[in-house]
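Heads up, the thing below is written out as structure tokens.
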Protein chains: 2
Amino acid sequence: MSKLVVLLTMSLDGFVAGPNRSPGHGLGEHGGPHLFDWYFSGKEPHPRFSAFKPEGANMLVMDKRFGEVGAILAGRNTYENARGWNGTHPINAVPIVVLTHEAPKEPPRGFSQMIFVNDLTRAIAEAKVLAGGKTVAITGTSVAQQCLRAGYVDELWLTIVPLVLGDGKRLFDGIGDDAIPLEKIEVVDGPHATHVTYRVPHGGHG
Amino acid sequence: MSKLVVLLTMSLDGFVAGPNRSPGHGLGEHGGPHLFDWYFSGKEPHPRFSAFKPEGANMLVMDKRFGEVGAILAGRNTYENARGWNGTHPINAVPIVVLTHEAPKEPPRGFSQMIFVNDLTRAIAEAKVLAGGKTVAITGTSVAQQCLRAGYVDELWLTIVPLVLGDGKRLFDGIGDDAIPLEKIEVVDGPHATHVTYRVPHGGHG
């Protein structure tokens with residue numbers, strides 16, 4: 001059975017984007033774009049994910065994480081951002097399920113496969129089928145929050161960067177008031193980034 | 001010159017306490033008390049800080065961090081909690097400066113030295129004198145926020161625990177909307193706790 005994981009980068013104070021996000025500016029303003037500095041601090045493009053230039057241990061983590069992903073579950077913002085990337089998502093070999101009530105009329109170009117679904121549980125089910133036994137990575141914050149609130153998330157694959165944003169979009173927001181105890185699986189420290197992996201012990205009950 | 005550092009434990013979502021804090025229940029409710037589980041997961045009391053039973057790498061971090069502390073700068077809550085600990089702060093060999101407008105009429109007992117100051121910059125100055133060249137550790141959240149907002153903090157000595165609280169008191173709240181870029185100094189992963197140390201490059205300008 002495919003795992004459902006949250007794959008996101010956040011600041012030390014828990015923001016996955018600065019304020020004032022807009023299409024093409026998915027990381028917002030006021031320091032938000034620096035969240036992704038660690039993806040580009042190296043000298044050479046990643047051999048497989050050439051949109052990125054990860055450095056040192058960051059490359060090992062990217063290899064491992066991206067390598068396990070069989071499908072992406074994203075929100076409308078990820079789709080809008082991908083359009084800014086000339087229609088090609090950086091993990092461009094895997095299918096993407098976009099949870100949205102506003103599917104574009106014109107089919108997107110440059111993706112191997114992208115489908116639009118307007119219901120969360122159906123989006124998860126479709127993504128798991130497309131993943132073919134590999135992991136489904138949630139890369140949209142609002143989708144991640146809906147899945148956390150519903151108890152569907154199996155693991156958190158987060159990267160914490162040395163930045164306090166003070167404002168913007170928080171990952172852990174609107175997920176209910178109940179504490180969620182986690183099990184730490186792994187911590188890998190890389191240049192300008194600390195990669196933390198947790199299991200959600202009661203996750204996956206969807 | 002003494003460094004001013006923030007020494008706190010927070011959940012993955014940035015809470016240093018759960019909701020509904022009260023004297024004697026400084027970590028609040030709804031999972032808040034689990035923030036400090038890592039302090040007590042070992043079998044033996046720490047030889048020097050016997051209120052704690054840290055395990056594995058957690059003990060090494062505690063040795064290093066507590067060993068560098070020459071004075072504590074705390075808020076009224078820390079004082080109230082310390083009363084719950086029979087008047088003895090766990091780092092009981094160092095003087096404590098309490099920032100409060102409500103100094104107790106009865107002098108506290110069980111502390112080597114505790115002074116009450118109602119002005120932030122004077123509290124910092126007094127703590128630095130008392131620290132005698134060693135580090136001043138801020139252990140109160142509101143004091144930490146005031147110092148972060150004013151740009152007085154030199155380093156963050158945080159412990160991130162595998163817990164999402166969802167509600168409570170956030171460390172990074174009310175510190176202004178400007179992003180604060182940090183320099184990562186060290187990450188040490190221990191049982192049920194990840195210890196992260198950052199420099200605030202423009203800190204210490206008080």
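As shown in the structure tokens, the chain order sets the letters A, B, ...; within each chain, residues go from 1, and ligands are also counted from 1 in the order they appear.
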
TODO: Please provide the set of residues having any atom within 9 Å of His101 in chain B, restricted to only C-alpha atoms, with same-chain residues fewer than 6 positions apart removed, written as a VMD selection string.
DONE: chain B and resid 76 116 to 119

For the residues in the current selection, export C-alpha atoms as a PDB file, in the first residue's frame.
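Produced file again29.pdb, reproduced below:
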ATOM      1  CA  ARG B  76       7.328  35.729  35.740  1.00  0.00           C
ATOM      2  CA  PHE B 116      13.515  41.117  39.918  1.00  0.00           C
ATOM      3  CA  VAL B 117      13.789  43.826  37.281  1.00  0.00           C
ATOM      4  CA  ASN B 118      10.965  45.585  35.438  1.00  0.00           C
ATOM      5  CA  ASP B 119      12.878  46.954  32.436  1.00  0.00           C
TER       6      ASP B 119
END

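For range 3-6 of chain B, the list of residues within 7 Å, based on only C-alpha atoms and with local chain neighbours fewer than 6 positions off taken out, reads Thr135, Val136, Ala137, Ile138, Thr139, Ala144, Val153, Asp154, Glu155, Leu156 and Trp157 of chain B.
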
Select residues of chain B: the criterion is any atom within 6 Å of an atom of chain A, counting only C-alpha atoms; output as a CSV table (one decimal) with C-alpha atoms, in the first residue's frame.
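part.csv, freshly written:
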chain,number,residue,atom,x,y,z
B,13,ASP,CA,4.9,23.3,15.0
B,31,GLY,CA,0.1,17.5,25.1
B,162,PRO,CA,8.5,15.0,17.8
B,163,LEU,CA,5.2,16.5,18.6
B,164,VAL,CA,2.6,18.6,16.8
B,165,LEU,CA,0.7,20.6,19.5
B,166,GLY,CA,-1.8,22.5,17.3
B,167,ASP,CA,-2.5,25.0,20.0
B,172,PHE,CA,8.0,32.9,17.2
B,177,ASP,CA,7.0,40.7,10.2
B,179,ALA,CA,12.3,37.8,8.1
B,180,ILE,CA,15.4,36.9,10.2
B,181,PRO,CA,18.0,35.0,8.3
B,182,LEU,CA,19.9,32.6,10.6

Open item on the list: If you run DSSP on the backbone here, which positions in range 96-202 of chain B get strand (DSSP E or B)? Please write them as a PyMOL selection string.
Closed with: chain B and resi 96-99+114-117+135-138+155-161+163-164+169-170+180-181+183-190+193-199

How would the residues just chosen look if you wrote them out with N, CA and C atoms as a compact mmCIF listing (two decimals), in the first residue's frame?
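File written: again.txt
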# COMPACT_ATOMS: atom_id res chain seq x y z
N ILE B 96 19.45 34.14 38.59
CA ILE B 96 18.30 34.32 37.71
C ILE B 96 17.80 35.75 37.79
N VAL B 97 17.66 36.36 36.65
CA VAL B 97 17.04 37.69 36.58
C VAL B 97 15.63 37.51 36.05
N VAL B 98 14.65 37.94 36.81
CA VAL B 98 13.25 37.79 36.41
C VAL B 98 12.73 39.15 35.95
N LEU B 99 12.27 39.18 34.69
CA LEU B 99 11.69 40.42 34.16
C LEU B 99 10.21 40.45 34.51
N MET B 114 18.40 35.47 43.00
CA MET B 114 17.31 35.82 42.09
C MET B 114 16.99 37.29 42.27
N ILE B 115 17.00 38.02 41.15
CA ILE B 115 16.64 39.43 41.27
C ILE B 115 15.49 39.74 40.31
N PHE B 116 14.71 40.74 40.67
CA PHE B 116 13.52 41.12 39.92
C PHE B 116 13.73 42.50 39.31
N VAL B 117 13.54 42.58 38.00
CA VAL B 117 13.79 43.83 37.28
C VAL B 117 12.59 44.07 36.37
N THR B 135 27.45 32.77 29.25
CA THR B 135 26.25 33.07 28.45
C THR B 135 25.03 33.36 29.32
N VAL B 136 24.21 34.29 28.86
CA VAL B 136 22.90 34.53 29.48
C VAL B 136 21.85 33.77 28.68
N ALA B 137 21.15 32.85 29.34
CA ALA B 137 20.13 32.04 28.67
C ALA B 137 18.74 32.57 28.99
N ILE B 138 18.00 32.89 27.94
CA ILE B 138 16.60 33.31 28.12
C ILE B 138 15.75 32.05 28.15
N GLU B 155 22.08 34.06 19.78
CA GLU B 155 21.95 32.68 19.30
C GLU B 155 20.65 32.05 19.79
N LEU B 156 20.19 31.06 19.04
CA LEU B 156 19.04 30.24 19.44
C LEU B 156 19.55 28.84 19.77
N TRP B 157 19.29 28.40 20.99
CA TRP B 157 19.64 27.04 21.40
C TRP B 157 18.32 26.30 21.63
N LEU B 158 17.81 25.71 20.59
CA LEU B 158 16.48 25.12 20.67
C LEU B 158 16.53 23.61 20.62
N THR B 159 15.53 23.00 21.20
CA THR B 159 15.33 21.57 21.08
C THR B 159 13.96 21.35 20.45
N ILE B 160 13.95 20.63 19.33
CA ILE B 160 12.69 20.37 18.63
C ILE B 160 12.27 18.94 18.94
N VAL B 161 11.05 18.78 19.45
CA VAL B 161 10.60 17.44 19.84
C VAL B 161 9.52 16.93 18.88
N LEU B 163 6.49 16.20 18.08
CA LEU B 163 5.16 16.45 18.60
C LEU B 163 4.58 17.63 17.84
N VAL B 164 3.34 17.49 17.40
CA VAL B 164 2.60 18.62 16.84
C VAL B 164 1.54 18.98 17.87
N LYS B 169 1.23 28.18 23.20
CA LYS B 169 2.05 29.39 23.10
C LYS B 169 3.20 29.14 22.14
N ARG B 170 3.26 29.94 21.07
CA ARG B 170 4.31 29.79 20.06
C ARG B 170 5.54 30.60 20.48
N ILE B 180 14.07 36.93 9.54
CA ILE B 180 15.37 36.94 10.21
C ILE B 180 16.19 35.78 9.65
N PRO B 181 17.17 36.05 8.81
CA PRO B 181 18.01 34.95 8.32
C PRO B 181 18.94 34.50 9.44
N GLU B 183 22.17 31.68 10.85
CA GLU B 183 23.27 30.81 10.43
C GLU B 183 23.22 29.57 11.30
N LYS B 184 23.15 28.42 10.65
CA LYS B 184 23.11 27.18 11.42
C LYS B 184 24.50 26.90 11.97
N ILE B 185 24.58 26.69 13.26
CA ILE B 185 25.86 26.37 13.90
C ILE B 185 26.00 24.87 14.07
N GLU B 186 24.94 24.23 14.56
CA GLU B 186 25.06 22.81 14.90
C GLU B 186 23.69 22.16 15.00
N VAL B 187 23.62 20.91 14.60
CA VAL B 187 22.43 20.09 14.82
C VAL B 187 22.88 18.78 15.45
N VAL B 188 22.31 18.46 16.59
CA VAL B 188 22.62 17.19 17.26
C VAL B 188 21.31 16.44 17.47
N ASP B 189 21.25 15.24 16.95
CA ASP B 189 20.02 14.47 17.08
C ASP B 189 20.13 13.50 18.25
N GLY B 190 19.17 13.57 19.15
CA GLY B 190 19.16 12.68 20.30
C GLY B 190 17.85 11.92 20.38
N ALA B 193 14.40 13.95 20.52
CA ALA B 193 14.73 15.38 20.55
C ALA B 193 15.81 15.68 19.52
N THR B 194 15.67 16.82 18.85
CA THR B 194 16.69 17.28 17.91
C THR B 194 17.13 18.67 18.36
N HIS B 195 18.41 18.79 18.64
CA HIS B 195 18.92 20.04 19.21
C HIS B 195 19.54 20.87 18.10
N VAL B 196 18.98 22.06 17.88
CA VAL B 196 19.45 22.92 16.80
C VAL B 196 19.99 24.22 17.38
N THR B 197 21.13 24.64 16.87
CA THR B 197 21.78 25.85 17.36
C THR B 197 22.02 26.79 16.18
N TYR B 198 21.49 28.00 16.28
CA TYR B 198 21.62 28.98 15.20
C TYR B 198 22.21 30.28 15.75
N ARG B 199 22.98 30.94 14.90
CA ARG B 199 23.42 32.30 15.20
C ARG B 199 22.44 33.27 14.53

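With only C-alpha atoms as the basis for measurement, A:Lys134 is the residue among A:Arg122, A:Lys134, A:Arg65, A:Arg21 that approaches Pro95 in chain A most closely.
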
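Between CA of Gly75 in chain A and CA of Thr100 in chain A there is a distance of 6.3 Å.
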
Least-squares superposed chain B, target chain A, every Cα, as a PDB file with C-alpha atoms, in the first residue's frame:
ATOM      1  CA  MET B   1      -0.003   0.008  -0.017  1.00  0.00           C
ATOM      2  CA  SER B   2       1.304   3.437  -0.917  1.00  0.00           C
ATOM      3  CA  LYS B   3       2.342   5.736   1.913  1.00  0.00           C
ATOM      4  CA  LEU B   4       0.998   9.274   2.028  1.00  0.00           C
ATOM      5  CA  VAL B   5       3.696  11.752   3.078  1.00  0.00           C
ATOM      6  CA  VAL B   6       4.011  15.525   3.383  1.00  0.00           C
ATOM      7  CA  LEU B   7       7.050  16.743   1.434  1.00  0.00           C
ATOM      8  CA  LEU B   8       7.677  20.411   2.212  1.00  0.00           C
ATOM      9  CA  THR B   9      10.335  22.900   3.242  1.00  0.00           C
ATOM     10  CA  MET B  10       9.597  25.178   6.175  1.00  0.00           C
ATOM     11  CA  SER B  11      11.266  27.969   8.107  1.00  0.00           C
ATOM     12  CA  LEU B  12      12.278  27.431  11.739  1.00  0.00           C
ATOM     13  CA  ASP B  13       9.041  29.169  12.707  1.00  0.00           C
ATOM     14  CA  GLY B  14       6.974  26.824  10.567  1.00  0.00           C
ATOM     15  CA  PHE B  15       6.184  28.859   7.449  1.00  0.00           C
ATOM     16  CA  VAL B  16       6.169  27.174   4.038  1.00  0.00           C
ATOM     17  CA  ALA B  17       5.772  30.523   2.266  1.00  0.00           C
ATOM     18  CA  GLY B  18       6.046  34.190   3.048  1.00  0.00           C
ATOM     19  CA  PRO B  19       3.065  36.540   2.818  1.00  0.00           C
ATOM     20  CA  ASN B  20       1.406  37.704  -0.413  1.00  0.00           C
ATOM     21  CA  ARG B  21       1.705  34.559  -2.505  1.00  0.00           C
ATOM     22  CA  SER B  22       0.654  34.823  -6.117  1.00  0.00           C
ATOM     23  CA  PRO B  23       0.882  32.663  -9.254  1.00  0.00           C
ATOM     24  CA  GLY B  24       4.536  32.449 -10.189  1.00  0.00           C
ATOM     25  CA  HIS B  25       5.475  33.639  -6.691  1.00  0.00           C
ATOM     26  CA  GLY B  26       4.444  30.584  -4.738  1.00  0.00           C
ATOM     27  CA  LEU B  27       6.900  31.266  -1.914  1.00  0.00           C
ATOM     28  CA  GLY B  28       5.511  34.736  -1.299  1.00  0.00           C
ATOM     29  CA  GLU B  29       7.422  37.821  -0.245  1.00  0.00           C
ATOM     30  CA  HIS B  30       9.456  38.992   2.797  1.00  0.00           C
ATOM     31  CA  GLY B  31      12.100  36.270   2.706  1.00  0.00           C
ATOM     32  CA  GLY B  32       9.786  33.494   1.519  1.00  0.00           C
ATOM     33  CA  PRO B  33      11.827  32.720  -1.615  1.00  0.00           C
ATOM     34  CA  HIS B  34      14.864  31.996   0.600  1.00  0.00           C
ATOM     35  CA  LEU B  35      13.060  28.877   1.821  1.00  0.00           C
ATOM     36  CA  PHE B  36      14.319  27.136  -1.299  1.00  0.00           C
ATOM     37  CA  ASP B  37      17.921  28.420  -1.203  1.00  0.00           C
ATOM     38  CA  TRP B  38      19.131  24.962  -0.157  1.00  0.00           C
ATOM     39  CA  TYR B  39      17.848  23.509  -3.430  1.00  0.00           C
ATOM     40  CA  PHE B  40      20.273  25.711  -5.361  1.00  0.00           C
ATOM     41  CA  SER B  41      23.353  26.180  -3.180  1.00  0.00           C
ATOM     42  CA  GLY B  42      25.466  23.630  -5.049  1.00  0.00           C
ATOM     43  CA  LYS B  43      27.506  24.067  -8.221  1.00  0.00           C
ATOM     44  CA  GLU B  44      26.150  21.319 -10.443  1.00  0.00           C
ATOM     45  CA  PRO B  45      22.603  20.459 -11.478  1.00  0.00           C
ATOM     46  CA  HIS B  46      21.323  17.247  -9.947  1.00  0.00           C
ATOM     47  CA  PRO B  47      21.898  14.445 -12.489  1.00  0.00           C
ATOM     48  CA  ARG B  48      18.279  13.320 -12.323  1.00  0.00           C
ATOM     49  CA  PHE B  49      16.331  16.382 -11.097  1.00  0.00           C
ATOM     50  CA  SER B  50      18.143  18.975 -13.129  1.00  0.00           C
ATOM     51  CA  ALA B  51      16.049  21.935 -11.964  1.00  0.00           C
ATOM     52  CA  PHE B  52      17.977  21.714  -8.667  1.00  0.00           C
ATOM     53  CA  LYS B  53      21.589  22.144  -7.594  1.00  0.00           C
ATOM     54  CA  PRO B  54      21.624  20.515  -4.165  1.00  0.00           C
ATOM     55  CA  GLU B  55      24.822  20.453  -2.141  1.00  0.00           C
ATOM     56  CA  GLY B  56      26.393  17.701  -0.042  1.00  0.00           C
ATOM     57  CA  ALA B  57      23.984  15.796   2.167  1.00  0.00           C
ATOM     58  CA  ASN B  58      21.077  17.699   0.619  1.00  0.00           C
ATOM     59  CA  MET B  59      21.640  15.789  -2.597  1.00  0.00           C
ATOM     60  CA  LEU B  60      21.543  12.454  -0.804  1.00  0.00           C
ATOM     61  CA  VAL B  61      18.253  13.390   0.856  1.00  0.00           C
ATOM     62  CA  MET B  62      16.784  14.553  -2.441  1.00  0.00           C
ATOM     63  CA  ASP B  63      17.879  11.310  -4.121  1.00  0.00           C
ATOM     64  CA  LYS B  64      16.275   9.233  -1.422  1.00  0.00           C
ATOM     65  CA  ARG B  65      13.054  11.180  -1.029  1.00  0.00           C
ATOM     66  CA  PHE B  66      12.334  11.978  -4.668  1.00  0.00           C
ATOM     67  CA  GLY B  67      13.373   8.433  -5.583  1.00  0.00           C
ATOM     68  CA  GLU B  68      10.626   6.982  -3.404  1.00  0.00           C
ATOM     69  CA  VAL B  69       7.908   9.235  -4.819  1.00  0.00           C
ATOM     70  CA  GLY B  70       5.522   7.594  -7.285  1.00  0.00           C
ATOM     71  CA  ALA B  71       2.927  10.357  -7.483  1.00  0.00           C
ATOM     72  CA  ILE B  72       2.401  13.913  -6.263  1.00  0.00           C
ATOM     73  CA  LEU B  73      -0.752  15.174  -4.610  1.00  0.00           C
ATOM     74  CA  ALA B  74      -0.870  18.937  -4.943  1.00  0.00           C
ATOM     75  CA  GLY B  75      -3.188  21.886  -4.747  1.00  0.00           C
ATOM     76  CA  ARG B  76      -4.057  24.510  -7.262  1.00  0.00           C
ATOM     77  CA  ASN B  77      -1.025  26.620  -6.221  1.00  0.00           C
ATOM     78  CA  THR B  78       1.411  23.896  -7.178  1.00  0.00           C
ATOM     79  CA  TYR B  79      -0.227  23.737 -10.558  1.00  0.00           C
ATOM     80  CA  GLU B  80      -0.034  27.521 -10.974  1.00  0.00           C
ATOM     81  CA  ASN B  81       3.625  27.465  -9.958  1.00  0.00           C
ATOM     82  CA  ALA B  82       4.356  24.622 -12.331  1.00  0.00           C
ATOM     83  CA  ARG B  83       2.984  26.794 -15.110  1.00  0.00           C
ATOM     84  CA  GLY B  84       5.626  29.301 -14.080  1.00  0.00           C
ATOM     85  CA  TRP B  85       8.191  26.540 -14.558  1.00  0.00           C
ATOM     86  CA  ASN B  86       7.191  26.278 -18.228  1.00  0.00           C
ATOM     87  CA  GLY B  87       4.714  23.577 -17.404  1.00  0.00           C
ATOM     88  CA  THR B  88       7.237  21.129 -16.054  1.00  0.00           C
ATOM     89  CA  HIS B  89       7.247  20.095 -12.414  1.00  0.00           C
ATOM     90  CA  PRO B  90      10.781  19.513 -11.072  1.00  0.00           C
ATOM     91  CA  ILE B  91       9.895  15.906 -10.244  1.00  0.00           C
ATOM     92  CA  ASN B  92       8.713  15.633 -13.788  1.00  0.00           C
ATOM     93  CA  ALA B  93       8.626  11.892 -14.234  1.00  0.00           C
ATOM     94  CA  VAL B  94       5.787  11.249 -11.804  1.00  0.00           C
ATOM     95  CA  PRO B  95       2.071  11.831 -12.260  1.00  0.00           C
ATOM     96  CA  ILE B  96       0.426  14.698 -10.393  1.00  0.00           C
ATOM     97  CA  VAL B  97      -3.041  14.754  -8.913  1.00  0.00           C
ATOM     98  CA  VAL B  98      -4.277  18.303  -8.360  1.00  0.00           C
ATOM     99  CA  LEU B  99      -7.024  18.800  -5.792  1.00  0.00           C
ATOM    100  CA  THR B 100      -9.067  21.719  -7.053  1.00  0.00           C
ATOM    101  CA  HIS B 101     -12.594  22.843  -7.777  1.00  0.00           C
ATOM    102  CA  GLU B 102     -11.308  24.837 -10.721  1.00  0.00           C
ATOM    103  CA  ALA B 103      -9.760  22.503 -13.255  1.00  0.00           C
ATOM    104  CA  PRO B 104      -8.252  24.460 -16.148  1.00  0.00           C
ATOM    105  CA  LYS B 105     -10.159  24.346 -19.406  1.00  0.00           C
ATOM    106  CA  GLU B 106      -6.985  24.008 -21.426  1.00  0.00           C
ATOM    107  CA  PRO B 107      -5.086  20.820 -20.636  1.00  0.00           C
ATOM    108  CA  PRO B 108      -1.642  21.548 -19.164  1.00  0.00           C
ATOM    109  CA  ARG B 109       1.437  20.838 -21.250  1.00  0.00           C
ATOM    110  CA  GLY B 110       4.862  19.528 -20.322  1.00  0.00           C
ATOM    111  CA  PHE B 111       3.710  17.054 -17.708  1.00  0.00           C
ATOM    112  CA  SER B 112       3.892  13.345 -18.114  1.00  0.00           C
ATOM    113  CA  GLN B 113       0.482  13.073 -16.468  1.00  0.00           C
ATOM    114  CA  MET B 114      -1.723  15.479 -14.545  1.00  0.00           C
ATOM    115  CA  ILE B 115      -5.268  14.935 -13.402  1.00  0.00           C
ATOM    116  CA  PHE B 116      -7.687  17.269 -11.638  1.00  0.00           C
ATOM    117  CA  VAL B 117      -9.914  15.976  -8.856  1.00  0.00           C
ATOM    118  CA  ASN B 118     -12.261  17.971  -6.625  1.00  0.00           C
ATOM    119  CA  ASP B 119     -12.684  15.517  -3.737  1.00  0.00           C
ATOM    120  CA  LEU B 120      -9.942  14.791  -1.189  1.00  0.00           C
ATOM    121  CA  THR B 121     -10.471  11.088  -0.602  1.00  0.00           C
ATOM    122  CA  ARG B 122     -10.847  10.429  -4.306  1.00  0.00           C
ATOM    123  CA  ALA B 123      -7.708  12.465  -5.007  1.00  0.00           C
ATOM    124  CA  ILE B 124      -5.763  10.348  -2.507  1.00  0.00           C
ATOM    125  CA  ALA B 125      -7.138   7.134  -3.983  1.00  0.00           C
ATOM    126  CA  GLU B 126      -6.253   8.209  -7.537  1.00  0.00           C
ATOM    127  CA  ALA B 127      -2.762   9.279  -6.474  1.00  0.00           C
ATOM    128  CA  LYS B 128      -2.158   5.942  -4.771  1.00  0.00           C
ATOM    129  CA  VAL B 129      -3.193   4.041  -7.904  1.00  0.00           C
ATOM    130  CA  LEU B 130      -0.916   6.223 -10.031  1.00  0.00           C
ATOM    131  CA  ALA B 131       1.958   5.758  -7.570  1.00  0.00           C
ATOM    132  CA  GLY B 132       1.917   2.026  -8.236  1.00  0.00           C
ATOM    133  CA  GLY B 133       2.983   1.048  -4.733  1.00  0.00           C
ATOM    134  CA  LYS B 134       5.477   3.892  -4.356  1.00  0.00           C
ATOM    135  CA  THR B 135       4.930   6.884  -2.073  1.00  0.00           C
ATOM    136  CA  VAL B 136       2.421   9.678  -2.668  1.00  0.00           C
ATOM    137  CA  ALA B 137       4.024  13.020  -1.760  1.00  0.00           C
ATOM    138  CA  ILE B 138       1.804  15.930  -0.777  1.00  0.00           C
ATOM    139  CA  THR B 139       3.446  19.148  -1.947  1.00  0.00           C
ATOM    140  CA  GLY B 140       0.587  21.579  -1.373  1.00  0.00           C
ATOM    141  CA  THR B 141       0.127  23.156   2.042  1.00  0.00           C
ATOM    142  CA  SER B 142      -3.652  23.325   2.077  1.00  0.00           C
ATOM    143  CA  VAL B 143      -3.891  19.726   0.912  1.00  0.00           C
ATOM    144  CA  ALA B 144      -1.385  18.737   3.612  1.00  0.00           C
ATOM    145  CA  GLN B 145      -3.498  20.477   6.253  1.00  0.00           C
ATOM    146  CA  GLN B 146      -6.671  18.740   5.099  1.00  0.00           C
ATOM    147  CA  CYS B 147      -4.913  15.370   5.174  1.00  0.00           C
ATOM    148  CA  LEU B 148      -3.376  16.006   8.611  1.00  0.00           C
ATOM    149  CA  ARG B 149      -6.724  17.077  10.020  1.00  0.00           C
ATOM    150  CA  ALA B 150      -8.385  13.944   8.642  1.00  0.00           C
ATOM    151  CA  GLY B 151      -5.616  11.683   9.952  1.00  0.00           C
ATOM    152  CA  TYR B 152      -4.564  10.452   6.505  1.00  0.00           C
ATOM    153  CA  VAL B 153      -0.855  11.296   6.670  1.00  0.00           C
ATOM    154  CA  ASP B 154       1.624   8.464   7.289  1.00  0.00           C
ATOM    155  CA  GLU B 155       4.883  10.423   7.400  1.00  0.00           C
ATOM    156  CA  LEU B 156       6.290  13.955   7.384  1.00  0.00           C
ATOM    157  CA  TRP B 157       9.317  14.520   5.150  1.00  0.00           C
ATOM    158  CA  LEU B 158      10.245  18.063   6.047  1.00  0.00           C
ATOM    159  CA  THR B 159      13.228  20.286   5.511  1.00  0.00           C
ATOM    160  CA  ILE B 160      13.792  22.991   8.111  1.00  0.00           C
ATOM    161  CA  VAL B 161      15.816  25.961   6.916  1.00  0.00           C
ATOM    162  CA  PRO B 162      17.705  28.549   8.992  1.00  0.00           C
ATOM    163  CA  LEU B 163      15.219  31.345   8.607  1.00  0.00           C
ATOM    164  CA  VAL B 164      12.561  32.961  10.759  1.00  0.00           C
ATOM    165  CA  LEU B 165       9.862  34.379   8.490  1.00  0.00           C
ATOM    166  CA  GLY B 166       7.498  35.913  11.039  1.00  0.00           C
ATOM    167  CA  ASP B 167       4.642  36.018   8.561  1.00  0.00           C
ATOM    168  CA  GLY B 168       3.180  33.982   5.723  1.00  0.00           C
ATOM    169  CA  LYS B 169       1.577  30.581   5.360  1.00  0.00           C
ATOM    170  CA  ARG B 170       2.179  28.091   8.178  1.00  0.00           C
ATOM    171  CA  LEU B 171       2.289  24.364   7.504  1.00  0.00           C
ATOM    172  CA  PHE B 172       0.678  23.429  10.823  1.00  0.00           C
ATOM    173  CA  ASP B 173      -2.385  25.607  10.820  1.00  0.00           C
ATOM    174  CA  GLY B 174      -6.039  24.689  10.805  1.00  0.00           C
ATOM    175  CA  ILE B 175      -5.263  21.076  11.637  1.00  0.00           C
ATOM    176  CA  GLY B 176      -7.319  20.937  14.821  1.00  0.00           C
ATOM    177  CA  ASP B 177      -6.352  21.469  18.448  1.00  0.00           C
ATOM    178  CA  ASP B 178      -5.444  17.898  19.321  1.00  0.00           C
ATOM    179  CA  ALA B 179      -1.782  17.149  19.853  1.00  0.00           C
ATOM    180  CA  ILE B 180      -0.271  14.684  17.373  1.00  0.00           C
ATOM    181  CA  PRO B 181       2.596  12.665  18.847  1.00  0.00           C
ATOM    182  CA  LEU B 182       5.163  11.721  16.217  1.00  0.00           C
ATOM    183  CA  GLU B 183       7.923   9.120  15.948  1.00  0.00           C
ATOM    184  CA  LYS B 184      11.218  10.475  14.724  1.00  0.00           C
ATOM    185  CA  ILE B 185      12.575   8.294  11.939  1.00  0.00           C
ATOM    186  CA  GLU B 186      15.608  10.236  10.771  1.00  0.00           C
ATOM    187  CA  VAL B 187      17.394  13.571  10.922  1.00  0.00           C
ATOM    188  CA  VAL B 188      19.969  14.468   8.277  1.00  0.00           C
ATOM    189  CA  ASP B 189      21.762  17.768   8.513  1.00  0.00           C
ATOM    190  CA  GLY B 190      22.882  19.375   5.276  1.00  0.00           C
ATOM    191  CA  PRO B 191      24.179  22.774   4.146  1.00  0.00           C
ATOM    192  CA  HIS B 192      21.596  25.428   5.068  1.00  0.00           C
ATOM    193  CA  ALA B 193      18.962  22.747   5.657  1.00  0.00           C
ATOM    194  CA  THR B 194      18.011  20.103   8.213  1.00  0.00           C
ATOM    195  CA  HIS B 195      15.947  17.229   6.902  1.00  0.00           C
ATOM    196  CA  VAL B 196      13.616  15.656   9.446  1.00  0.00           C
ATOM    197  CA  THR B 197      11.488  12.578   8.866  1.00  0.00           C
ATOM    198  CA  TYR B 198       8.690  11.599  11.246  1.00  0.00           C
ATOM    199  CA  ARG B 199       6.091   8.854  11.306  1.00  0.00           C
ATOM    200  CA  VAL B 200       2.554   9.832  12.284  1.00  0.00           C
ATOM    201  CA  PRO B 201       1.706   6.782  14.421  1.00  0.00           C
ATOM    202  CA  HIS B 202      -2.036   7.038  13.994  1.00  0.00           C
ATOM    203  CA  GLY B 203      -1.869   8.269  10.439  1.00  0.00           C
ATOM    204  CA  GLY B 204      -3.097   6.459   7.396  1.00  0.00           C
ATOM    205  CA  HIS B 205      -6.480   5.671   8.928  1.00  0.00           C
ATOM    206  CA  GLY B 206      -8.211   6.993   5.830  1.00  0.00           C
TER     207      GLY B 206
END

Open item on the list: Run DSSP on the backbone and tell me which residues of range 2-203 of chain A come out as helix (DSSP H, G or I); list them as a PyMOL selection string.
Closed with: chain A and resi 32-40+57-68+76-84+120-131+141-150
